[in-house]
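Visitor: Structure incoming, see below.
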Amino acid sequence: MGAKCCTERKPRPRGWDDKPFPSKMTTSLRHAWAEGLSGCILYEVFLEKEDEPIGFELETDTSALTVKAVTPDGLLDRYCKQEDEFVCPGDRIYSVNDFTDKSDMMRQLKEQQKLEIVFSKLIIEVKILKRPGKKLGAATDPKTFTILKIAEESLIDDWNKQYPKDRICIGDTVLAVNGVVDKDKAVQEIASKEELLLRMVRGPRREMEGVKDTKSTDGKGKPPAPEKPTLKM
């Protein structure tokens with residue numbers, strides 16, 4: 001059910017081994033590929049810039065490099081379409097050319113023409129309590145457990161209105177329900193339990209969905225939060 005954590009790396013394209021990679025993978029990166037990174041889903045892309053921008057915008061204010069937006073029809077977007085993959089805002093860069101330190105990754109992104117980028121997909125957890133007269137309100141793909149439709153005035157719709165920054169979106173995929181990953185048993189959990197902990201991976205989207213927050217709880221206006229520093233590449 002849903003996506004699985006990578007346990008094997010894709011073969012590098014022809015001619016890729018002549019890159020200035022470290023001679024050996026770091027211990028942390030090797031562990032990530034072997035066992036998964038704290039339950040995250042890792043995936044990799046291979047890009048040759050050839051003086052073309054990568055085609056994404058990164059948030060750089062923390063120790064991590066987080067994707068804020070992906071440029072439509074840019075280098076990264078075209079690669080993902082070709083490989084039936086996607087990079088989602090909120091995904092984090094875990095390594096670049098096997099480097100995991102932030103400053104090293106930034107240098108590789110800026111200086112190298114060939115890039116092997118390992119991303120960690122954004123995974124969210126949502127706790128929903130059932131209420132009389134309310135249905136969960138999500139239609140899902142029977143094979144992948146991907147959300148296809150969200151009903152109005154449902155439990156999920158109520159969650160989205162109450163927590164817009166963490167809202168559940170069409171295209172998100174359910175990985176587990178109350179820790180249960182088997183799809184048939186997860187459906188039983190939804191039917192039988194009053195409290196549901198949904199673990200999901202974000203679906204395709206190119207930009208962070210903005211959340212308007214121009215008023216405080218007492219009705220008085222307040223200045224918007226300052227923009228996080230970003231870097232377009």
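Chain labels follow the order of the structure tokens: the first chain is A, the next B, and so on; residue numbering restarts at 1 in every chain, and ligands are counted from 1 in their shown order.
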Quick one: residues within 12 Å of Ala191 in chain A, only C-alpha atoms, excluding same-chain residues fewer than 6 positions away - as an NGL selection string?

Guide: :A and (130 or 135-136 or 177 or 184-185)

Visitor: Output the selection as a CSV table (one decimal), in the first residue's frame - N, CA, C and O atoms for each residue.

Guide:
```csv
chain,number,residue,atom,x,y,z
A,130,LYS,N,-13.7,10.8,15.1
A,130,LYS,CA,-15.0,10.7,14.4
A,130,LYS,C,-16.1,11.4,15.3
A,130,LYS,O,-16.0,11.5,16.5
A,135,LYS,N,-18.9,11.7,8.0
A,135,LYS,CA,-18.1,10.6,7.4
A,135,LYS,C,-16.7,11.2,7.2
A,135,LYS,O,-16.4,12.4,7.2
A,136,LEU,N,-15.8,10.2,7.0
A,136,LEU,CA,-14.4,10.6,6.8
A,136,LEU,C,-14.3,11.5,5.6
A,136,LEU,O,-13.6,12.5,5.6
A,177,VAL,N,-2.8,3.7,8.6
A,177,VAL,CA,-3.9,4.1,9.5
A,177,VAL,C,-3.7,3.5,10.8
A,177,VAL,O,-3.7,2.3,11.0
A,184,ASP,N,-6.2,-3.5,3.3
A,184,ASP,CA,-7.5,-4.0,3.7
A,184,ASP,C,-7.7,-3.9,5.2
A,184,ASP,O,-8.8,-3.5,5.7
A,185,LYS,N,-6.7,-4.1,6.0
A,185,LYS,CA,-6.8,-3.9,7.4
A,185,LYS,C,-6.9,-2.4,7.8
A,185,LYS,O,-7.6,-2.1,8.8
```

Visitor: Which neighbours of Gln112 in chain A fall inside 10 Å, counting only C-alpha atoms, when residues of the same chain fewer than 3 positions from it are skipped, and could you give them as a list in words?

Guide: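 After dropping sequence-adjacent residues, the list is Lys19, Pro20, Glu48, Lys49, Glu50, Val96, Asn97, Arg107, Gln108, Leu109 and Leu115 of chain A.
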
Visitor: How about saving the chosen residues, all heavy atoms kept, as a CSV table (one decimal), in the first residue's frame?

Guide:
```
chain,number,residue,atom,x,y,z
A,19,LYS,N,32.1,11.4,-12.2
A,19,LYS,CA,31.8,12.6,-11.4
A,19,LYS,C,32.8,12.6,-10.2
A,19,LYS,O,33.2,11.6,-9.7
A,19,LYS,CB,30.4,12.6,-10.8
A,19,LYS,CG,29.4,13.0,-11.9
A,19,LYS,CD,28.0,13.2,-11.2
A,19,LYS,CE,27.6,12.1,-10.4
A,19,LYS,NZ,26.3,12.4,-9.7
A,20,PRO,N,33.0,13.8,-9.6
A,20,PRO,CA,33.9,13.9,-8.4
A,20,PRO,C,33.1,13.5,-7.1
A,20,PRO,O,32.9,14.3,-6.2
A,20,PRO,CB,34.3,15.4,-8.4
A,20,PRO,CG,33.2,16.1,-9.0
A,20,PRO,CD,32.6,15.2,-10.1
A,48,GLU,N,21.7,16.7,-15.6
A,48,GLU,CA,22.9,17.4,-16.3
A,48,GLU,C,22.5,18.8,-16.6
A,48,GLU,O,21.6,19.0,-17.5
A,48,GLU,CB,23.3,16.6,-17.5
A,48,GLU,CG,23.9,15.3,-17.2
A,48,GLU,CD,24.6,14.6,-18.4
A,48,GLU,OE1,25.6,15.2,-18.9
A,48,GLU,OE2,24.1,13.6,-18.9
A,49,LYS,N,23.1,19.8,-15.9
A,49,LYS,CA,22.6,21.1,-16.1
A,49,LYS,C,22.9,21.7,-17.4
A,49,LYS,O,22.1,22.4,-18.0
A,49,LYS,CB,23.2,22.0,-15.0
A,49,LYS,CG,22.7,21.7,-13.6
A,49,LYS,CD,23.0,22.8,-12.6
A,49,LYS,CE,24.5,22.8,-12.3
A,49,LYS,NZ,24.9,23.8,-11.3
A,50,GLU,N,24.2,21.6,-17.9
A,50,GLU,CA,24.6,22.2,-19.2
A,50,GLU,C,24.2,23.6,-19.3
A,50,GLU,O,23.6,24.1,-20.2
A,50,GLU,CB,24.0,21.4,-20.4
A,50,GLU,CG,24.4,19.9,-20.4
A,50,GLU,CD,23.9,19.2,-21.6
A,50,GLU,OE1,23.0,19.7,-22.3
A,50,GLU,OE2,24.3,18.1,-21.8
A,96,VAL,N,23.5,15.4,-2.1
A,96,VAL,CA,23.8,15.8,-3.5
A,96,VAL,C,25.2,15.2,-3.8
A,96,VAL,O,26.2,15.5,-3.1
A,96,VAL,CB,23.9,17.3,-3.7
A,96,VAL,CG1,24.2,17.7,-5.1
A,96,VAL,CG2,22.6,18.0,-3.3
A,97,ASN,N,25.3,14.4,-4.8
A,97,ASN,CA,26.5,13.7,-5.2
A,97,ASN,C,27.1,13.0,-4.0
A,97,ASN,O,28.4,13.0,-3.8
A,97,ASN,CB,27.5,14.7,-5.8
A,97,ASN,CG,27.0,15.2,-7.2
A,97,ASN,OD1,26.0,14.7,-7.7
A,97,ASN,ND2,27.7,16.2,-7.7
A,107,ARG,N,27.3,23.7,-2.4
A,107,ARG,CA,28.4,23.9,-3.3
A,107,ARG,C,28.3,23.0,-4.6
A,107,ARG,O,28.5,23.4,-5.7
A,107,ARG,CB,29.7,23.6,-2.6
A,107,ARG,CG,31.0,23.9,-3.5
A,107,ARG,CD,32.3,23.8,-2.7
A,107,ARG,NE,32.5,22.4,-2.2
A,107,ARG,CZ,32.3,22.1,-0.9
A,107,ARG,NH1,32.0,23.1,0.0
A,107,ARG,NH2,32.5,20.9,-0.5
A,108,GLN,N,27.8,21.8,-4.3
A,108,GLN,CA,27.6,20.8,-5.4
A,108,GLN,C,26.5,21.3,-6.4
A,108,GLN,O,26.7,21.3,-7.6
A,108,GLN,CB,27.3,19.4,-4.9
A,108,GLN,CG,28.4,18.7,-4.2
A,108,GLN,CD,29.5,18.3,-5.1
A,108,GLN,OE1,29.3,17.6,-6.1
A,108,GLN,NE2,30.7,18.7,-4.7
A,109,LEU,N,25.5,21.8,-5.8
A,109,LEU,CA,24.4,22.3,-6.6
A,109,LEU,C,24.8,23.5,-7.5
A,109,LEU,O,24.4,23.7,-8.6
A,109,LEU,CB,23.2,22.8,-5.7
A,109,LEU,CG,22.4,21.6,-5.0
A,109,LEU,CD1,21.4,22.2,-4.0
A,109,LEU,CD2,21.7,20.7,-6.0
A,115,LEU,N,24.5,16.1,-11.5
A,115,LEU,CA,24.0,16.1,-10.1
A,115,LEU,C,23.1,14.9,-9.8
A,115,LEU,O,22.2,14.6,-10.6
A,115,LEU,CB,23.1,17.3,-9.8
A,115,LEU,CG,23.7,18.7,-10.0
A,115,LEU,CD1,22.7,19.8,-9.9
A,115,LEU,CD2,24.8,18.9,-8.9
```

Visitor: Residues near Val87 in chain A, anyone? I mean within 10 Å using only C-alpha atoms, not counting same-chain ones fewer than 2 positions away, as a PyMOL selection string.

Guide: chain A and resi 43-45+56+67+69-70+76-77+80+85+89-92+119-122+202-206

Visitor: Would you compute the distance between CA of Asp172 in chain A and CA of Glu153 in chain A? Give it in Å to one decimal.

Guide: 19.1 Å

Visitor: What parts of range 11-186 of chain A does DSSP call alpha helix (DSSP H)? I'd like the answer as a PyMOL selection string.

Guide: chain A and resi 27-35+75-83+102-111+155-162+183-186
